[in-house]
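Comments concern the structure below.
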Amino acid sequence: MSNTMKKIIIFFLCACSFIVACTETSEGFLESKGKETDDLESVLSDSTKVMGFHAALFWQLGRVTMSPHGVASVLQNYKDYEAGTDNSRYSGYFRVTEFTPAYTKGDFSQGGTNAGFTDFQRGWQEAYQTIYRCNSFLQNYKKAPLTEATKEKLANEARFIRAFFYFHLLRQYGAVPLLYDEVIDPFNPSFLERSTFEECVNYLAQELRAAADALPLEQMGADYGRPTKASALGVLTELYALAASPLYNGGNIGSGDNRLLVGYDNYDVNRWENVRITAQELMGLGTHELVKDNKTRPGNGFYLATTKRVNTERVWFWVTVSTTGYPASALLPKSRNGGRQIQPYHELVEAFPMKDGTPIDKNSAEYKENPYQNRDPRLGYTIIYNEAEWIKTKGGELEKVYTYKDATQDGYGTSGGTETGYYFRKCCNEDLMANEYGEGTGLSFIRYADIMLLYAEALTELNVDRNRDEIEKQLFELRDRAGIEPGDDKRYGVPANMNKDEMIDFIINERRIEFANECGNRFWDLKRRKLYEKLDGVWTSAAVWEKTNDGSYTWSVMPIEQHFFSQKMYFSAIPQREINASHGKLIQNPGW
């Protein structure tokens with residue numbers, strides 16, 4: 001790479017680190033202010049500039065992993081991947097120029113060709129930008145005027161971040177070109193071929209294992225938010241679960257040249273053994289556990305785990321500064337100064353069980369009169385429904401939110417109101433309005449509950465009958481934390497003697513309600529379990545409440561959105577611009 005190129009790239013990196021420190025990330029280590037510079041040697045000779053360079057590696061964590069959506073700050077938009085699922089709807093849904101609406105509609109015609117869809121390019125480009133930065137840092141960090149311990153700590157973190165972004169590329173696009181430690185000149189790219197899916201998994205497993213061995217058990221104080229040993233093991237567990245799941249593990253949809261780019265040729269149940277071993281290792285560290293509190297109120301531990309900045313359940317996460325109301329500013333209704341940018345479908349509400357853990361009975365008189373009564377407490381911590389309460393003034397009392405048809409500000413059919421009958425409140429501090437600042441919580445990519453459920457899923461795939469007690473132990477503990485009543489049989493509504501398929505369905509539904517509106521978990525589960533095709537042609541619905549003359553309510557379910565899916569959508573297209581620039585080196589994904 002030329003000296004001129006080095007100057008351009010370092011200028012860009014350090015400018016980014018300055019921006020991120022001021023806008024999108026946590027206090028503490030990311031408050032390092034990278035100075036704008038055009039000289040690599042200048043950066044490496046100044047400890048503050050080196051720390052700013054390193055802070056830039058965390059810049060796009062929220063933007064890229066929630067959903068590709070370009071240059072706008074993630075703090076201004078909430079475009080979670082789950083808005084392209086049966087969980088939720090993106091407000092202004094018919095703008096299919098954006099990823100999640102286009103995904104549900106199956107319409108990627110923007111850009112002239114399907115593979116030219118802008119957000120495919122953004123997701124690819126922004127992830128590789130971070131990988132370039134990591135490689136540049138790793139190639140040069142030893143020259144920095146820092147202690148050897150500090151330099152090695154920063155290098156281990158950079159190695160982890162690089163692996164995390166590769167993992168994200170892998171789950172969205174399938175196998176990708178691996179740069180290893182090379183710094184590629186973005187203005188004169190090498191024509192690299194895609195590695196195979198197996199090669200990518202093996203490389204990332206090696207990198208994440210090395211990171212796990214080197215990273216500390218905890219990062220506290222000003223370092224809170226940096227990756228830990230558990231973070232690396234958590235991403236490794238997710239990687240192994242991806243590789244073991246039906247889409248990749250013998251369910252390969254590729255053919256010819258792209259077959260080995262999107263999965264394994266053969267099914268091997270032992271791939272689930274990697275999930276079991278790694279999840280068990282993380283769970284044995286002693287650094288993480290479920291947040292439990294059913295004394296304050298049922299399921300309060302679940303609320304704390306998704307709203308409290310520092311808690312024992314956060315394995316790998318993205319934290320925000322305390323000078324923002326995010327994500328409440330994006331999620332809450334208009335009357336609470338929120339942007340209501342994505343909204344839950346009624347089908348998500350139906351996925352939550354009753355307070356005794358049993359499924360809802362839509363034909364019961366109780367459900368027909370009030371479908372939100374006596375439900376799993378997690379429902380109330382996830383969704384705002386008609387007459388749910390939230391403060392309306394700073395430091396004020398709780399007041400009802402009205403979502404019924406034509407209700408002022410927030411009602412169904414009202415300008416700026418709900419399109420589904422609901423709003424999300426998940427991860428929002430219930431003591432604050434959307435425009436008030438809290439402690440800066442952010443969002444978790446991986447919670448300890450995620451590891452427990454992946455562990456249970458792996459045990460089910462390996463041998464549900466042999467592992468039944470251990471599987472049910474995870475489910476009972478999660479449902480107890482949720483505030484669900486144990487019942488006389490102490491089973492928390494978990495059916496006895498489920499076979500393998502029934503247990504997998506139960507676990508995937510438990511993941512749906514536990515992680516609703518958290519960093520696209522539903523999106524990735526539907527893909528890896530090869531369940532998306534079951535949504536093709538399916539309608540999702542709104543709950544439409546209407547107020548009668550006597551002040552009572554009636555309600556009905558109104559289908560509002562039909563979903564479309566084709567098999568090629570299991571993998572996003574390699575951006576057409578990259579295909580063209582590679583002169584035949586990059587092979588496109590199936591169907592594009």
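Ligands are numbered from 1 in the order shown, chains are lettered A, B, ... in the order of the structure tokens, and residues start at 1 in each chain.
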
Could you find all residues in region 225-449 of chain A that DSSP calls helix (DSSP H, G or I) from the backbone, and write them as a count of residues only? 69

Just the residues within 10 Å of Ala496 (chain A), please, counting only C-alpha atoms, with nothing from its chain fewer than 6 positions along; format it as a ChimeraX atom specification. /A:468,472,503

Export of the given selection (C-alpha atoms) as a compact mmCIF listing (two decimals), in the first residue's frame:
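Okay, this is what ended up in part-v2.txt:
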# COMPACT_ATOMS: atom_id res chain seq x y z
CA ARG A 468 -34.45 -34.54 29.04
CA GLU A 472 -36.03 -29.11 31.19
CA MET A 503 -39.12 -29.86 22.05

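Within the 6 Å cut-off around Arg314 (chain A), using only C-alpha atoms and omitting residues fewer than 2 positions from it on the same chain, the listed residues are A:Thr312, A:Trp316, A:Arg447.
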
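Comparing A:Ile277, A:Ala456, A:Ile131, A:Val310 by their smallest distance to Ile508 (chain A), the closest is A:Ala456 (using only C-alpha atoms).
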
Within 8 Å of Asp268 (chain A) using only C-alpha atoms, minus same-chain residues under 3 positions, as a list of chain:residue names: A:Ala244, A:Asn249, A:Gly250, A:Arg271

Write out as a PyMOL selection string which residues come within 8 Å of region 140-157 of chain A when counting only C-alpha atoms, dropping same-chain ones fewer than 4 positions away. chain A and resi 44-47+50+54+136+161+211+214-215+226-227

Deliver the residues from the most recent selection as a file, using C-alpha atoms, as a compact mmCIF listing (two decimals), in the first residue's frame.
# COMPACT_ATOMS: atom_id res chain seq x y z
CA LEU A 44 1.38 5.48 16.37
CA SER A 45 3.50 7.98 18.30
CA ASP A 46 0.58 9.35 20.34
CA SER A 47 -1.15 7.13 22.91
CA VAL A 50 -3.87 5.07 19.24
CA HIS A 54 -8.90 1.42 18.55
CA SER A 136 -4.63 -2.27 10.21
CA ILE A 161 -14.16 -7.65 16.92
CA ALA A 211 -9.72 -14.59 21.92
CA ALA A 214 -6.66 -14.22 26.00
CA LEU A 215 -9.52 -11.91 27.04
CA ARG A 226 -15.23 -4.27 26.04
CA PRO A 227 -15.31 -7.98 25.12

Residues within 9 Å of Glu207 (chain A), please, as a list in words. Count only C-alpha atoms; anything in the same chain fewer than 6 positions from it doesn't count.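 Using only C-alpha atoms, the neighbours found are Arg159, Phe160, Arg162 and Ala163 of chain A.
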
Which is closest to Leu432 (chain A) among A:Gly487, A:Gly380, A:Pro359, A:Gly338, if we use only C-alpha atoms? A:Gly338

Enter the distance from CA of Thr287 (chain A) to CA of Leu217 (chain A), in Å, rounded to one decimal.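 Atom-to-atom, CA of Thr287 (chain A) and CA of Leu217 (chain A) are spaced 7.2 Å apart.
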
Report as a Markdown table: every residue of region 197-302 of chain A with an atom at most 12 Å from region 563-568 of chain A, its closest pair of atoms, and their distance in Å to one decimal, counting only C-alpha atoms, with rows sorted by chain and ascending residue number.
| residue | atom | partner | partner_atom | distance |
| --- | --- | --- | --- | --- |
| A:Leu247 | CA | A:Gln567 | CA | 10.6 |
| A:Gly251 | CA | A:Gln567 | CA | 11.8 |
| A:Asn252 | CA | A:Gln567 | CA | 11.0 |
| A:Ile253 | CA | A:Gln567 | CA | 7.8 |
| A:Gly254 | CA | A:Lys568 | CA | 9.2 |
| A:Ser255 | CA | A:Lys568 | CA | 11.9 |
| A:Val262 | CA | A:Lys568 | CA | 11.0 |

Would you please give, as a ChimeraX atom specification, all residues of region 299-339 of chain A that DSSP assigns to strand (DSSP E or B) based on the backbone? /A:314-318

Please, could you write that set of residues out with N, CA, C and O atoms as a tab-separated table (two decimals), in the first residue's frame?
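File produced: selection-v3.tsv:
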chain	number	residue	atom	x	y	z
A	314	ARG	N	-25.57	-9.97	30.72
A	314	ARG	CA	-25.07	-9.43	29.46
A	314	ARG	C	-23.73	-10.09	29.11
A	314	ARG	O	-22.72	-9.86	29.76
A	315	VAL	N	-23.75	-10.90	28.06
A	315	VAL	CA	-22.56	-11.63	27.63
A	315	VAL	C	-21.78	-10.84	26.58
A	315	VAL	O	-20.57	-10.67	26.67
A	316	TRP	N	-22.48	-10.34	25.57
A	316	TRP	CA	-21.87	-9.47	24.55
A	316	TRP	C	-22.92	-8.47	24.15
A	316	TRP	O	-24.05	-8.85	23.81
A	317	PHE	N	-22.57	-7.19	24.20
A	317	PHE	CA	-23.60	-6.17	24.13
A	317	PHE	C	-23.02	-4.87	23.62
A	317	PHE	O	-21.80	-4.68	23.53
A	318	TRP	N	-23.92	-3.98	23.27
A	318	TRP	CA	-23.57	-2.66	22.75
A	318	TRP	C	-24.23	-1.64	23.67
A	318	TRP	O	-25.44	-1.70	23.90

Distance query Glu289 (chain A) at most 8 Å, only C-alpha atoms, self and fewer than 4 positions along chain excluded, as a ChimeraX atom specification: /A:283,312-313,448

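Here CA of Glu439 (chain A) is placed at a distance of 10.4 Å from CA of Tyr326 (chain A).
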
Top pick for closest residue to Arg577 (chain A), considering A:Phe108, A:Phe117, A:Tyr78, A:Pro68 and counting only C-alpha atoms: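 Going through A:Phe108, A:Phe117, A:Tyr78, A:Pro68 one by one, the smallest distance to Arg577 (chain A) is for A:Phe117.
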
Could you give me, as JSON lines, every region 292-394 of chain A residue with an atom at most 10 Å from region 80-89 of chain A, plus its closest atom pair and distance in Å to one decimal, counting only C-alpha atoms, rows ordered by chain then number?
{"residue": "A:Gln341", "atom": "CA", "partner": "A:Arg89", "partner_atom": "CA", "distance": 8.5}
{"residue": "A:Ile342", "atom": "CA", "partner": "A:Arg89", "partner_atom": "CA", "distance": 5.4}
{"residue": "A:Gln343", "atom": "CA", "partner": "A:Arg89", "partner_atom": "CA", "distance": 5.3}
{"residue": "A:Pro344", "atom": "CA", "partner": "A:Ser88", "partner_atom": "CA", "distance": 4.1}
{"residue": "A:Tyr345", "atom": "CA", "partner": "A:Ser88", "partner_atom": "CA", "distance": 5.1}
{"residue": "A:His346", "atom": "CA", "partner": "A:Asn87", "partner_atom": "CA", "distance": 8.3}
{"residue": "A:Glu347", "atom": "CA", "partner": "A:Asn87", "partner_atom": "CA", "distance": 6.9}
{"residue": "A:Leu348", "atom": "CA", "partner": "A:Asn87", "partner_atom": "CA", "distance": 5.2}
{"residue": "A:Val349", "atom": "CA", "partner": "A:Asn87", "partner_atom": "CA", "distance": 8.7}
{"residue": "A:Ala351", "atom": "CA", "partner": "A:Asn87", "partner_atom": "CA", "distance": 9.6}

Output file for the selection above: all heavy atoms, as a compact mmCIF listing (two decimals), in the first residue's frame:
# COMPACT_ATOMS: atom_id res chain seq x y z
N GLN A 341 -41.04 3.36 15.77
CA GLN A 341 -40.47 3.02 14.47
C GLN A 341 -40.71 1.58 14.05
O GLN A 341 -40.77 1.28 12.86
CB GLN A 341 -38.98 3.37 14.46
CG GLN A 341 -38.75 4.87 14.47
CD GLN A 341 -37.28 5.23 14.57
OE1 GLN A 341 -36.42 4.37 14.56
NE2 GLN A 341 -37.01 6.52 14.69
N ILE A 342 -40.77 0.65 15.00
CA ILE A 342 -41.24 -0.69 14.68
C ILE A 342 -42.30 -1.07 15.70
O ILE A 342 -42.24 -0.63 16.86
CB ILE A 342 -40.12 -1.75 14.60
CG1 ILE A 342 -39.48 -2.00 15.97
CG2 ILE A 342 -39.05 -1.36 13.60
CD1 ILE A 342 -38.56 -3.20 15.94
N GLN A 343 -43.27 -1.89 15.28
CA GLN A 343 -44.43 -2.19 16.12
C GLN A 343 -44.75 -3.68 16.07
O GLN A 343 -44.65 -4.30 15.00
CB GLN A 343 -45.63 -1.37 15.65
CG GLN A 343 -45.40 0.13 15.72
CD GLN A 343 -46.33 0.92 14.81
OE1 GLN A 343 -47.37 0.43 14.39
NE2 GLN A 343 -45.95 2.14 14.48
N PRO A 344 -45.11 -4.28 17.20
CA PRO A 344 -45.35 -5.72 17.24
C PRO A 344 -46.63 -6.11 16.50
O PRO A 344 -47.63 -5.41 16.55
CB PRO A 344 -45.50 -6.01 18.74
CG PRO A 344 -45.07 -4.78 19.45
CD PRO A 344 -45.27 -3.64 18.51
N TYR A 345 -46.59 -7.27 15.86
CA TYR A 345 -47.80 -7.88 15.32
C TYR A 345 -48.55 -8.60 16.43
O TYR A 345 -47.97 -9.01 17.46
CB TYR A 345 -47.44 -8.91 14.24
CG TYR A 345 -46.95 -8.34 12.94
CD1 TYR A 345 -45.68 -8.67 12.45
CD2 TYR A 345 -47.76 -7.52 12.16
CE1 TYR A 345 -45.23 -8.18 11.23
CE2 TYR A 345 -47.31 -7.02 10.93
CZ TYR A 345 -46.05 -7.36 10.48
OH TYR A 345 -45.60 -6.87 9.27
N HIS A 346 -49.84 -8.83 16.20
CA HIS A 346 -50.65 -9.58 17.17
C HIS A 346 -50.14 -11.02 17.30
O HIS A 346 -50.28 -11.62 18.39
CB HIS A 346 -52.12 -9.57 16.74
CG HIS A 346 -53.02 -10.25 17.70
ND1 HIS A 346 -53.24 -9.80 18.98
CD2 HIS A 346 -53.78 -11.39 17.57
CE1 HIS A 346 -54.08 -10.60 19.61
NE2 HIS A 346 -54.43 -11.57 18.77
N GLU A 347 -49.56 -11.57 16.26
CA GLU A 347 -49.05 -12.95 16.33
C GLU A 347 -47.95 -13.09 17.37
O GLU A 347 -47.83 -14.15 18.01
CB GLU A 347 -48.53 -13.38 14.96
CG GLU A 347 -49.60 -13.74 13.96
CD GLU A 347 -50.40 -12.56 13.43
OE1 GLU A 347 -49.92 -11.40 13.56
OE2 GLU A 347 -51.49 -12.77 12.87
N LEU A 348 -47.14 -12.06 17.57
CA LEU A 348 -46.14 -12.12 18.64
C LEU A 348 -46.83 -12.15 20.00
O LEU A 348 -46.42 -12.91 20.89
CB LEU A 348 -45.20 -10.92 18.55
CG LEU A 348 -44.18 -10.78 19.69
CD1 LEU A 348 -43.29 -12.01 19.79
CD2 LEU A 348 -43.34 -9.51 19.51
N VAL A 349 -47.86 -11.35 20.18
CA VAL A 349 -48.62 -11.35 21.44
C VAL A 349 -49.18 -12.74 21.72
O VAL A 349 -49.13 -13.23 22.85
CB VAL A 349 -49.75 -10.30 21.39
CG1 VAL A 349 -50.64 -10.40 22.62
CG2 VAL A 349 -49.16 -8.90 21.26
N ALA A 351 -47.93 -15.52 20.92
CA ALA A 351 -46.88 -16.50 21.21
C ALA A 351 -46.59 -16.61 22.70
O ALA A 351 -46.06 -17.64 23.15
CB ALA A 351 -45.60 -16.12 20.46
